[in-house]
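Here is the file model-v4.cif (mmCIF, N, CA and C atoms).
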```cif
data_query
#
loop_
_atom_site.label_atom_id
_atom_site.label_comp_id
_atom_site.auth_asym_id
_atom_site.auth_seq_id
_atom_site.Cartn_x
_atom_site.Cartn_y
_atom_site.Cartn_z
N MET T 247 0.40 9.28 -16.53
CA MET T 247 0.10 9.25 -15.12
C MET T 247 1.05 8.27 -14.43
N ALA T 248 1.58 8.67 -13.32
CA ALA T 248 2.49 7.81 -12.55
C ALA T 248 1.69 6.96 -11.57
N ALA T 249 2.29 5.87 -11.18
CA ALA T 249 1.69 4.99 -10.17
C ALA T 249 2.77 4.50 -9.23
N ILE T 250 2.35 4.19 -8.03
CA ILE T 250 3.20 3.51 -7.08
C ILE T 250 2.52 2.18 -6.80
N ILE T 251 3.28 1.11 -6.97
CA ILE T 251 2.79 -0.23 -6.67
C ILE T 251 3.60 -0.72 -5.49
N LEU T 252 2.91 -1.11 -4.47
CA LEU T 252 3.55 -1.50 -3.22
C LEU T 252 3.17 -2.94 -2.93
N LYS T 253 4.17 -3.79 -2.72
CA LYS T 253 3.88 -5.18 -2.36
C LYS T 253 4.63 -5.54 -1.10
N TYR T 254 3.96 -6.36 -0.26
CA TYR T 254 4.54 -6.67 1.04
C TYR T 254 3.84 -7.85 1.69
N ARG T 255 4.51 -8.39 2.69
CA ARG T 255 3.95 -9.41 3.57
C ARG T 255 3.68 -8.73 4.92
N LEU T 256 2.79 -9.33 5.68
CA LEU T 256 2.56 -8.85 7.04
C LEU T 256 3.67 -9.37 7.95
N LYS T 257 4.01 -8.58 8.94
CA LYS T 257 5.00 -9.00 9.93
C LYS T 257 4.43 -10.18 10.73
N PRO T 258 5.31 -11.04 11.22
CA PRO T 258 4.84 -12.12 12.09
C PRO T 258 4.05 -11.55 13.27
N GLY T 259 2.94 -12.18 13.58
CA GLY T 259 2.10 -11.75 14.69
C GLY T 259 1.01 -10.76 14.32
N VAL T 260 1.08 -10.16 13.13
CA VAL T 260 0.05 -9.23 12.68
C VAL T 260 -1.07 -10.05 12.02
N THR T 261 -2.30 -9.85 12.48
CA THR T 261 -3.41 -10.59 11.90
C THR T 261 -4.00 -9.83 10.72
N ARG T 262 -4.55 -10.58 9.78
CA ARG T 262 -5.23 -9.94 8.64
C ARG T 262 -6.36 -9.05 9.13
N ALA T 263 -7.11 -9.51 10.12
CA ALA T 263 -8.25 -8.73 10.62
C ALA T 263 -7.80 -7.37 11.15
N ASP T 264 -6.75 -7.35 11.97
CA ASP T 264 -6.25 -6.08 12.52
C ASP T 264 -5.73 -5.18 11.41
N PHE T 265 -4.96 -5.76 10.50
CA PHE T 265 -4.40 -4.97 9.41
C PHE T 265 -5.50 -4.41 8.51
N GLU T 266 -6.43 -5.23 8.11
CA GLU T 266 -7.48 -4.77 7.19
C GLU T 266 -8.41 -3.76 7.85
N ASN T 267 -8.61 -3.87 9.16
CA ASN T 267 -9.37 -2.83 9.86
C ASN T 267 -8.63 -1.50 9.78
N TRP T 268 -7.32 -1.52 10.00
CA TRP T 268 -6.52 -0.29 9.90
C TRP T 268 -6.56 0.27 8.48
N VAL T 269 -6.45 -0.62 7.48
CA VAL T 269 -6.48 -0.17 6.08
C VAL T 269 -7.78 0.57 5.77
N THR T 270 -8.90 -0.01 6.16
CA THR T 270 -10.19 0.58 5.77
C THR T 270 -10.59 1.79 6.61
N THR T 271 -10.10 1.87 7.85
CA THR T 271 -10.52 2.98 8.71
C THR T 271 -9.51 4.13 8.78
N ILE T 272 -8.23 3.84 8.54
CA ILE T 272 -7.18 4.86 8.68
C ILE T 272 -6.46 5.13 7.35
N ASP T 273 -5.87 4.08 6.78
CA ASP T 273 -4.99 4.22 5.63
C ASP T 273 -5.73 4.72 4.38
N GLN T 274 -6.76 4.01 3.97
CA GLN T 274 -7.46 4.40 2.75
C GLN T 274 -8.07 5.81 2.83
N PRO T 275 -8.77 6.16 3.92
CA PRO T 275 -9.30 7.53 3.98
C PRO T 275 -8.21 8.60 3.90
N ALA T 276 -7.08 8.36 4.56
CA ALA T 276 -6.00 9.35 4.54
C ALA T 276 -5.38 9.48 3.15
N MET T 277 -5.03 8.37 2.53
CA MET T 277 -4.39 8.41 1.22
C MET T 277 -5.36 8.92 0.14
N ARG T 278 -6.61 8.52 0.21
CA ARG T 278 -7.59 8.98 -0.77
C ARG T 278 -7.93 10.45 -0.62
N GLY T 279 -7.61 11.02 0.54
CA GLY T 279 -7.86 12.44 0.77
C GLY T 279 -6.79 13.36 0.24
N LEU T 280 -5.68 12.81 -0.23
CA LEU T 280 -4.59 13.64 -0.77
C LEU T 280 -4.94 14.08 -2.19
N THR T 281 -4.76 15.34 -2.50
CA THR T 281 -5.09 15.84 -3.84
C THR T 281 -4.17 15.29 -4.92
N SER T 282 -2.98 14.85 -4.55
CA SER T 282 -2.05 14.30 -5.54
C SER T 282 -2.38 12.85 -5.91
N VAL T 283 -3.27 12.22 -5.15
CA VAL T 283 -3.64 10.82 -5.38
C VAL T 283 -5.01 10.76 -6.05
N SER T 284 -5.07 10.20 -7.28
CA SER T 284 -6.36 10.06 -7.96
C SER T 284 -7.11 8.82 -7.52
N ALA T 285 -6.39 7.76 -7.17
CA ALA T 285 -7.02 6.52 -6.70
C ALA T 285 -6.01 5.76 -5.84
N PHE T 286 -6.54 5.06 -4.86
CA PHE T 286 -5.70 4.25 -3.97
C PHE T 286 -6.49 3.02 -3.56
N ASN T 287 -5.95 1.85 -3.84
CA ASN T 287 -6.62 0.60 -3.48
C ASN T 287 -5.63 -0.39 -2.91
N THR T 288 -6.11 -1.18 -1.96
CA THR T 288 -5.33 -2.24 -1.33
C THR T 288 -5.97 -3.57 -1.72
N TYR T 289 -5.14 -4.51 -2.13
CA TYR T 289 -5.62 -5.82 -2.57
C TYR T 289 -4.99 -6.91 -1.72
N ARG T 290 -5.81 -7.82 -1.22
CA ARG T 290 -5.32 -9.00 -0.52
C ARG T 290 -4.97 -10.03 -1.59
N VAL T 291 -3.76 -10.55 -1.56
CA VAL T 291 -3.33 -11.58 -2.51
C VAL T 291 -3.91 -12.91 -2.04
N THR T 292 -4.61 -13.59 -2.96
CA THR T 292 -5.29 -14.83 -2.59
C THR T 292 -4.66 -16.07 -3.20
N GLY T 293 -3.70 -15.91 -4.09
CA GLY T 293 -3.03 -17.05 -4.69
C GLY T 293 -2.36 -16.67 -5.99
N LEU T 294 -1.84 -17.66 -6.67
CA LEU T 294 -1.19 -17.49 -7.96
C LEU T 294 -2.15 -17.90 -9.07
N LEU T 295 -2.19 -17.16 -10.14
CA LEU T 295 -3.00 -17.53 -11.30
C LEU T 295 -2.34 -18.68 -12.04
N LEU T 296 -1.02 -18.62 -12.18
CA LEU T 296 -0.25 -19.67 -12.86
C LEU T 296 0.86 -20.14 -11.95
N GLY T 297 1.19 -21.40 -12.05
CA GLY T 297 2.31 -21.93 -11.28
C GLY T 297 1.87 -22.43 -9.92
N GLU T 298 2.85 -22.94 -9.21
CA GLU T 298 2.60 -23.50 -7.89
C GLU T 298 3.42 -22.76 -6.86
N GLY T 299 3.09 -22.95 -5.63
CA GLY T 299 3.84 -22.33 -4.55
C GLY T 299 3.08 -21.17 -3.95
N GLU T 300 3.81 -20.41 -3.18
CA GLU T 300 3.24 -19.27 -2.48
C GLU T 300 3.50 -17.97 -3.23
N PRO T 301 2.54 -17.05 -3.25
CA PRO T 301 2.80 -15.73 -3.82
C PRO T 301 3.91 -15.01 -3.05
N SER T 302 4.55 -14.06 -3.69
CA SER T 302 5.65 -13.33 -3.06
C SER T 302 5.17 -12.22 -2.13
N ALA T 303 3.86 -11.97 -2.06
CA ALA T 303 3.33 -10.91 -1.22
C ALA T 303 1.98 -11.33 -0.65
N ASP T 304 1.64 -10.75 0.52
CA ASP T 304 0.32 -10.93 1.11
C ASP T 304 -0.65 -9.87 0.60
N TYR T 305 -0.12 -8.68 0.32
CA TYR T 305 -0.94 -7.54 -0.12
C TYR T 305 -0.22 -6.77 -1.20
N VAL T 306 -1.01 -6.11 -2.04
CA VAL T 306 -0.51 -5.20 -3.06
C VAL T 306 -1.36 -3.94 -2.97
N GLU T 307 -0.70 -2.80 -3.03
CA GLU T 307 -1.39 -1.51 -3.06
C GLU T 307 -1.04 -0.81 -4.35
N VAL T 308 -2.01 -0.10 -4.90
CA VAL T 308 -1.79 0.66 -6.13
C VAL T 308 -2.25 2.10 -5.88
N PHE T 309 -1.31 3.01 -6.04
CA PHE T 309 -1.60 4.44 -5.98
C PHE T 309 -1.58 4.96 -7.41
N ASP T 310 -2.65 5.54 -7.90
CA ASP T 310 -2.62 6.28 -9.16
C ASP T 310 -2.43 7.74 -8.78
N LEU T 311 -1.36 8.33 -9.27
CA LEU T 311 -0.99 9.68 -8.87
C LEU T 311 -1.35 10.69 -9.94
N ALA T 312 -2.08 11.70 -9.54
CA ALA T 312 -2.39 12.82 -10.43
C ALA T 312 -1.17 13.71 -10.58
N ASP T 313 -0.33 13.76 -9.55
CA ASP T 313 0.83 14.65 -9.55
C ASP T 313 1.96 14.02 -8.74
N LEU T 314 2.87 13.35 -9.42
CA LEU T 314 3.99 12.69 -8.75
C LEU T 314 4.84 13.68 -7.98
N ALA T 315 5.13 14.84 -8.57
CA ALA T 315 5.98 15.83 -7.90
C ALA T 315 5.34 16.32 -6.60
N ALA T 316 4.03 16.53 -6.61
CA ALA T 316 3.34 16.97 -5.40
C ALA T 316 3.34 15.86 -4.35
N PHE T 317 3.15 14.62 -4.80
CA PHE T 317 3.13 13.50 -3.86
C PHE T 317 4.50 13.35 -3.19
N THR T 318 5.58 13.33 -3.99
CA THR T 318 6.91 13.11 -3.42
C THR T 318 7.46 14.36 -2.73
N GLY T 319 7.11 15.53 -3.24
CA GLY T 319 7.67 16.76 -2.70
C GLY T 319 6.92 17.37 -1.54
N THR T 320 5.60 17.17 -1.51
CA THR T 320 4.78 17.80 -0.47
C THR T 320 4.12 16.77 0.44
N ASP T 321 3.44 15.79 -0.16
CA ASP T 321 2.66 14.84 0.64
C ASP T 321 3.54 13.87 1.43
N MET T 322 4.52 13.26 0.78
CA MET T 322 5.34 12.26 1.48
C MET T 322 6.05 12.82 2.71
N PRO T 323 6.66 14.01 2.63
CA PRO T 323 7.31 14.53 3.83
C PRO T 323 6.34 15.17 4.83
N GLY T 324 5.05 15.30 4.44
CA GLY T 324 4.06 15.94 5.30
C GLY T 324 3.65 15.09 6.49
N ALA T 325 3.05 15.71 7.46
CA ALA T 325 2.68 15.05 8.71
C ALA T 325 1.70 13.90 8.50
N ALA T 326 0.73 14.06 7.62
CA ALA T 326 -0.29 13.02 7.42
C ALA T 326 0.34 11.73 6.88
N VAL T 327 1.12 11.83 5.81
CA VAL T 327 1.72 10.64 5.21
C VAL T 327 2.77 10.05 6.14
N GLN T 328 3.53 10.87 6.82
CA GLN T 328 4.54 10.35 7.74
C GLN T 328 3.90 9.58 8.89
N ALA T 329 2.76 10.05 9.38
CA ALA T 329 2.05 9.33 10.45
C ALA T 329 1.54 7.99 9.95
N ILE T 330 0.96 7.98 8.76
CA ILE T 330 0.46 6.73 8.16
C ILE T 330 1.62 5.77 7.92
N MET T 331 2.72 6.27 7.37
CA MET T 331 3.88 5.40 7.10
C MET T 331 4.43 4.79 8.39
N GLY T 332 4.46 5.56 9.46
CA GLY T 332 4.93 5.02 10.73
C GLY T 332 4.05 3.87 11.20
N GLN T 333 2.75 4.02 11.07
CA GLN T 333 1.83 2.95 11.44
C GLN T 333 1.97 1.76 10.49
N PHE T 334 2.05 2.05 9.20
CA PHE T 334 2.16 1.00 8.18
C PHE T 334 3.39 0.12 8.44
N MET T 335 4.50 0.72 8.78
CA MET T 335 5.73 -0.04 9.00
C MET T 335 5.62 -0.97 10.21
N GLY T 336 4.66 -0.72 11.08
CA GLY T 336 4.40 -1.64 12.18
C GLY T 336 3.69 -2.90 11.72
N PHE T 337 3.03 -2.84 10.57
CA PHE T 337 2.31 -3.99 10.00
C PHE T 337 3.10 -4.73 8.94
N ALA T 338 3.83 -4.00 8.09
CA ALA T 338 4.41 -4.57 6.87
C ALA T 338 5.86 -5.00 7.08
N ASP T 339 6.17 -6.15 6.50
CA ASP T 339 7.51 -6.71 6.56
C ASP T 339 8.22 -6.47 5.24
N THR T 340 9.26 -5.67 5.24
CA THR T 340 10.07 -5.31 4.07
C THR T 340 9.24 -4.99 2.82
N PRO T 341 8.46 -3.90 2.88
CA PRO T 341 7.67 -3.53 1.71
C PRO T 341 8.56 -3.10 0.54
N GLU T 342 8.07 -3.36 -0.66
CA GLU T 342 8.77 -2.95 -1.88
C GLU T 342 7.90 -1.91 -2.59
N PHE T 343 8.43 -0.70 -2.72
CA PHE T 343 7.74 0.42 -3.36
C PHE T 343 8.22 0.53 -4.81
N LEU T 344 7.34 0.29 -5.75
CA LEU T 344 7.70 0.34 -7.16
C LEU T 344 7.10 1.57 -7.80
N LEU T 345 7.92 2.37 -8.45
CA LEU T 345 7.44 3.53 -9.19
C LEU T 345 7.18 3.07 -10.62
N ALA T 346 5.99 3.33 -11.16
CA ALA T 346 5.61 2.83 -12.48
C ALA T 346 4.88 3.91 -13.26
N GLU T 347 4.84 3.71 -14.57
CA GLU T 347 4.06 4.60 -15.44
C GLU T 347 3.39 3.75 -16.50
N ALA T 348 2.26 4.23 -16.97
CA ALA T 348 1.48 3.50 -17.99
C ALA T 348 2.26 3.47 -19.30
N VAL T 349 2.13 2.40 -20.01
CA VAL T 349 2.77 2.24 -21.32
C VAL T 349 1.78 2.60 -22.40
#
```
Could you spell out this file's structure in structure tokens?
Amino acid sequence: MAAIILKYRLKPGVTRADFENWVTTIDQPAMRGLTSVSAFNTYRVTGLLLGEGEPSADYVEVFDLADLAAFTGTDMPGAAVQAIMGQFMGFADTPEFLLAEAV
């Protein structure tokens, strides 16, 4: 099974409250409604387990994909995901999209 791991910081001026409201009311319902996505969760980063300093991200998202080809070939270019991505880019500062697979 493939996964997409997304890590990012919020843009300056974006509040956690506004972003998390959008995540729970718009983003999660839309992404969880895609047949190619088996699970989708957003995590607020609260600190480092080891070491000192600041974490490299404010949020991490994990998409478990039932069908990577359907997600990249049909869902990503589709109207629903494109609308969500447009909104997301208004919140997120230089997101990093990592493609991963279970070992």
Contacts of T:Thr340 within 9 Å, only C-alpha atoms, excl. fewer than 5 positions in-chain, as a list in words: Lys253, Tyr254, Arg255, Leu256, Lys257 and Met335 of chain T
Picked residues, the PyMOL selection byres (((chain T and resi 270-287 and name CA) around 9) and name CA), as an MDAnalysis selection string: chainID T and resid 265:269 288:289 306:317 321 326:327 330 334
Surrounding residues of T:Gly259 excluding itself and chain neighbours under 5 positions, 12 Å, only C-alpha atoms, as a PyMOL selection string: chain T and resi 264-265+336-339
Centre and size of axis-aligned box enclosing stretch 328-331 of chain T plus 8 Å each side, as JSON:
```
{"center_x": 2.5, "center_y": 7.8, "center_z": 8.6, "size_x": 20.1, "size_y": 22.1, "size_z": 19.6}
```
Straight-line distance linking atom CA of T:Thr261 with atom CA of T:Gln333, stated in Å to one decimal: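 These two atoms are separated by 14.5 Å.
The residues of stretch 278-335 of chain T that DSSP classifies as strand (DSSP E), using the backbone of this structure, are Val283, Ser284, Ala285, Phe286, Asn287, Thr288, Tyr289, Arg290, Tyr305, Val306, Glu307, Val308, Phe309, Asp310 and Leu311 of chain T.
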Contacts of T:Ala348 within 9 Å, only C-alpha atoms, excl. fewer than 6 positions in-chain, as an MDAnalysis selection string: chainID T and resid 247:249
Could you write out that same residue set with N, CA and C atoms as a tab-separated table (two decimals), in the coordinates of the input?
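As written to disk, result-v1.tsv reads:
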```tsv
chain	number	residue	atom	x	y	z
T	247	MET	N	0.40	9.28	-16.53
T	247	MET	CA	0.10	9.25	-15.12
T	247	MET	C	1.05	8.27	-14.43
T	248	ALA	N	1.58	8.67	-13.32
T	248	ALA	CA	2.49	7.81	-12.55
T	248	ALA	C	1.69	6.96	-11.57
T	249	ALA	N	2.29	5.87	-11.18
T	249	ALA	CA	1.69	4.99	-10.17
T	249	ALA	C	2.77	4.50	-9.23
```
Residue set, chain T restricted to helix (DSSP H, G or I), as a ChimeraX atom specification: /T:262-278,314-321,325-337
Dump N, CA and C atoms for the selected residues as a JSON list (two decimals), in the coordinates of the input?
```
[["chain", "number", "residue", "atom", "x", "y", "z"],
["T", 262, "ARG", "N", -4.55, -10.58, 9.78],
["T", 262, "ARG", "CA", -5.23, -9.94, 8.64],
["T", 262, "ARG", "C", -6.36, -9.05, 9.13],
["T", 263, "ALA", "N", -7.11, -9.51, 10.12],
["T", 263, "ALA", "CA", -8.25, -8.73, 10.62],
["T", 263, "ALA", "C", -7.80, -7.37, 11.15],
["T", 264, "ASP", "N", -6.75, -7.35, 11.97],
["T", 264, "ASP", "CA", -6.25, -6.08, 12.52],
["T", 264, "ASP", "C", -5.73, -5.18, 11.41],
["T", 265, "PHE", "N", -4.96, -5.76, 10.50],
["T", 265, "PHE", "CA", -4.40, -4.97, 9.41],
["T", 265, "PHE", "C", -5.50, -4.41, 8.51],
["T", 266, "GLU", "N", -6.43, -5.23, 8.11],
["T", 266, "GLU", "CA", -7.48, -4.77, 7.19],
["T", 266, "GLU", "C", -8.41, -3.76, 7.85],
["T", 267, "ASN", "N", -8.61, -3.87, 9.16],
["T", 267, "ASN", "CA", -9.37, -2.83, 9.86],
["T", 267, "ASN", "C", -8.63, -1.50, 9.78],
["T", 268, "TRP", "N", -7.32, -1.52, 10.00],
["T", 268, "TRP", "CA", -6.52, -0.29, 9.90],
["T", 268, "TRP", "C", -6.56, 0.27, 8.48],
["T", 269, "VAL", "N", -6.45, -0.62, 7.48],
["T", 269, "VAL", "CA", -6.48, -0.17, 6.08],
["T", 269, "VAL", "C", -7.78, 0.57, 5.77],
["T", 270, "THR", "N", -8.90, -0.01, 6.16],
["T", 270, "THR", "CA", -10.19, 0.58, 5.77],
["T", 270, "THR", "C", -10.59, 1.79, 6.61],
["T", 271, "THR", "N", -10.10, 1.87, 7.85],
["T", 271, "THR", "CA", -10.52, 2.98, 8.71],
["T", 271, "THR", "C", -9.51, 4.13, 8.78],
["T", 272, "ILE", "N", -8.23, 3.84, 8.54],
["T", 272, "ILE", "CA", -7.18, 4.86, 8.68],
["T", 272, "ILE", "C", -6.46, 5.13, 7.35],
["T", 273, "ASP", "N", -5.87, 4.08, 6.78],
["T", 273, "ASP", "CA", -4.99, 4.22, 5.63],
["T", 273, "ASP", "C", -5.73, 4.72, 4.38],
["T", 274, "GLN", "N", -6.76, 4.01, 3.97],
["T", 274, "GLN", "CA", -7.46, 4.40, 2.75],
["T", 274, "GLN", "C", -8.07, 5.81, 2.83],
["T", 275, "PRO", "N", -8.77, 6.16, 3.92],
["T", 275, "PRO", "CA", -9.30, 7.53, 3.98],
["T", 275, "PRO", "C", -8.21, 8.60, 3.90],
["T", 276, "ALA", "N", -7.08, 8.36, 4.56],
["T", 276, "ALA", "CA", -6.00, 9.35, 4.54],
["T", 276, "ALA", "C", -5.38, 9.48, 3.15],
["T", 277, "MET", "N", -5.03, 8.37, 2.53],
["T", 277, "MET", "CA", -4.39, 8.41, 1.22],
["T", 277, "MET", "C", -5.36, 8.92, 0.14],
["T", 278, "ARG", "N", -6.61, 8.52, 0.21],
["T", 278, "ARG", "CA", -7.59, 8.98, -0.77],
["T", 278, "ARG", "C", -7.93, 10.45, -0.62],
["T", 314, "LEU", "N", 2.87, 13.35, -9.42],
["T", 314, "LEU", "CA", 3.99, 12.69, -8.75],
["T", 314, "LEU", "C", 4.84, 13.68, -7.98],
["T", 315, "ALA", "N", 5.13, 14.84, -8.57],
["T", 315, "ALA", "CA", 5.98, 15.83, -7.90],
["T", 315, "ALA", "C", 5.34, 16.32, -6.60],
["T", 316, "ALA", "N", 4.03, 16.53, -6.61],
["T", 316, "ALA", "CA", 3.34, 16.97, -5.40],
["T", 316, "ALA", "C", 3.34, 15.86, -4.35],
["T", 317, "PHE", "N", 3.15, 14.62, -4.80],
["T", 317, "PHE", "CA", 3.13, 13.50, -3.86],
["T", 317, "PHE", "C", 4.50, 13.35, -3.19],
["T", 318, "THR", "N", 5.58, 13.33, -3.99],
["T", 318, "THR", "CA", 6.91, 13.11, -3.42],
["T", 318, "THR", "C", 7.46, 14.36, -2.73],
["T", 319, "GLY", "N", 7.11, 15.53, -3.24],
["T", 319, "GLY", "CA", 7.67, 16.76, -2.70],
["T", 319, "GLY", "C", 6.92, 17.37, -1.54],
["T", 320, "THR", "N", 5.60, 17.17, -1.51],
["T", 320, "THR", "CA", 4.78, 17.80, -0.47],
["T", 320, "THR", "C", 4.12, 16.77, 0.44],
["T", 321, "ASP", "N", 3.44, 15.79, -0.16],
["T", 321, "ASP", "CA", 2.66, 14.84, 0.64],
["T", 321, "ASP", "C", 3.54, 13.87, 1.43],
["T", 325, "ALA", "N", 3.05, 15.71, 7.46],
["T", 325, "ALA", "CA", 2.68, 15.05, 8.71],
["T", 325, "ALA", "C", 1.70, 13.90, 8.50],
["T", 326, "ALA", "N", 0.73, 14.06, 7.62],
["T", 326, "ALA", "CA", -0.29, 13.02, 7.42],
["T", 326, "ALA", "C", 0.34, 11.73, 6.88],
["T", 327, "VAL", "N", 1.12, 11.83, 5.81],
["T", 327, "VAL", "CA", 1.72, 10.64, 5.21],
["T", 327, "VAL", "C", 2.77, 10.05, 6.14],
["T", 328, "GLN", "N", 3.53, 10.87, 6.82],
["T", 328, "GLN", "CA", 4.54, 10.35, 7.74],
["T", 328, "GLN", "C", 3.90, 9.58, 8.89],
["T", 329, "ALA", "N", 2.76, 10.05, 9.38],
["T", 329, "ALA", "CA", 2.05, 9.33, 10.45],
["T", 329, "ALA", "C", 1.54, 7.99, 9.95],
["T", 330, "ILE", "N", 0.96, 7.98, 8.76],
["T", 330, "ILE", "CA", 0.46, 6.73, 8.16],
["T", 330, "ILE", "C", 1.62, 5.77, 7.92],
["T", 331, "MET", "N", 2.72, 6.27, 7.37],
["T", 331, "MET", "CA", 3.88, 5.40, 7.10],
["T", 331, "MET", "C", 4.43, 4.79, 8.39],
["T", 332, "GLY", "N", 4.46, 5.56, 9.46],
["T", 332, "GLY", "CA", 4.93, 5.02, 10.73],
["T", 332, "GLY", "C", 4.05, 3.87, 11.20],
["T", 333, "GLN", "N", 2.75, 4.02, 11.07],
["T", 333, "GLN", "CA", 1.83, 2.95, 11.44],
["T", 333, "GLN", "C", 1.97, 1.76, 10.49],
["T", 334, "PHE", "N", 2.05, 2.05, 9.20],
["T", 334, "PHE", "CA", 2.16, 1.00, 8.18],
["T", 334, "PHE", "C", 3.39, 0.12, 8.44],
["T", 335, "MET", "N", 4.50, 0.72, 8.78],
["T", 335, "MET", "CA", 5.73, -0.04, 9.00],
["T", 335, "MET", "C", 5.62, -0.97, 10.21],
["T", 336, "GLY", "N", 4.66, -0.72, 11.08],
["T", 336, "GLY", "CA", 4.40, -1.64, 12.18],
["T", 336, "GLY", "C", 3.69, -2.90, 11.72],
["T", 337, "PHE", "N", 3.03, -2.84, 10.57],
["T", 337, "PHE", "CA", 2.31, -3.99, 10.00],
["T", 337, "PHE", "C", 3.10, -4.73, 8.94]]
```
Among listed residues T:Ala263, T:Met331, T:Thr320, T:Arg290, nearest T:Tyr305 (using all atoms listed in the file): T:Arg290
Between atom N of T:Ile251 and atom N of T:Phe343 - distance in Å to one decimal: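 Separation between atom N of T:Phe343 and atom N of T:Ile251: 6.9 Å.
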Separation of atom N of T:Ser302 from atom CA of T:Pro323 in Å: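 Going from atom CA of T:Pro323 over to atom N of T:Ser302, I get 29.7 Å.
Minimum atom-to-atom distances from T:Leu344, T:Ala329, T:Asp304, T:Leu295 to T:Pro258 were compared using only C-alpha atoms, and the lowest value belongs to T:Asp304.
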Please, can stretch 317-328 of chain T be completed to N, CA, C and O atoms and returned as a tab-separated table (two decimals), keeping the file's coordinate frame?
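Saved result, part-v2.tsv, follows:
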```
chain	number	residue	atom	x	y	z
T	317	PHE	N	3.15	14.62	-4.80
T	317	PHE	CA	3.13	13.50	-3.86
T	317	PHE	C	4.50	13.35	-3.19
T	317	PHE	O	4.59	13.26	-1.98
T	318	THR	N	5.58	13.33	-3.99
T	318	THR	CA	6.91	13.11	-3.42
T	318	THR	C	7.46	14.36	-2.73
T	318	THR	O	8.19	14.25	-1.75
T	319	GLY	N	7.11	15.53	-3.24
T	319	GLY	CA	7.67	16.76	-2.70
T	319	GLY	C	6.92	17.37	-1.54
T	319	GLY	O	7.52	18.00	-0.66
T	320	THR	N	5.60	17.17	-1.51
T	320	THR	CA	4.78	17.80	-0.47
T	320	THR	C	4.12	16.77	0.44
T	320	THR	O	4.23	16.85	1.66
T	321	ASP	N	3.44	15.79	-0.16
T	321	ASP	CA	2.66	14.84	0.64
T	321	ASP	C	3.54	13.87	1.43
T	321	ASP	O	3.32	13.66	2.63
T	322	MET	N	4.52	13.26	0.78
T	322	MET	CA	5.34	12.26	1.48
T	322	MET	C	6.05	12.82	2.71
T	322	MET	O	6.06	12.18	3.75
T	323	PRO	N	6.66	14.01	2.63
T	323	PRO	CA	7.31	14.53	3.83
T	323	PRO	C	6.34	15.17	4.83
T	323	PRO	O	6.72	15.51	5.94
T	324	GLY	N	5.05	15.30	4.44
T	324	GLY	CA	4.06	15.94	5.30
T	324	GLY	C	3.65	15.09	6.49
T	324	GLY	O	3.85	13.86	6.51
T	325	ALA	N	3.05	15.71	7.46
T	325	ALA	CA	2.68	15.05	8.71
T	325	ALA	C	1.70	13.90	8.50
T	325	ALA	O	1.85	12.84	9.13
T	326	ALA	N	0.73	14.06	7.62
T	326	ALA	CA	-0.29	13.02	7.42
T	326	ALA	C	0.34	11.73	6.88
T	326	ALA	O	0.12	10.64	7.43
T	327	VAL	N	1.12	11.83	5.81
T	327	VAL	CA	1.72	10.64	5.21
T	327	VAL	C	2.77	10.05	6.14
T	327	VAL	O	2.87	8.83	6.28
T	328	GLN	N	3.53	10.87	6.82
T	328	GLN	CA	4.54	10.35	7.74
T	328	GLN	C	3.90	9.58	8.89
T	328	GLN	O	4.41	8.53	9.31
```
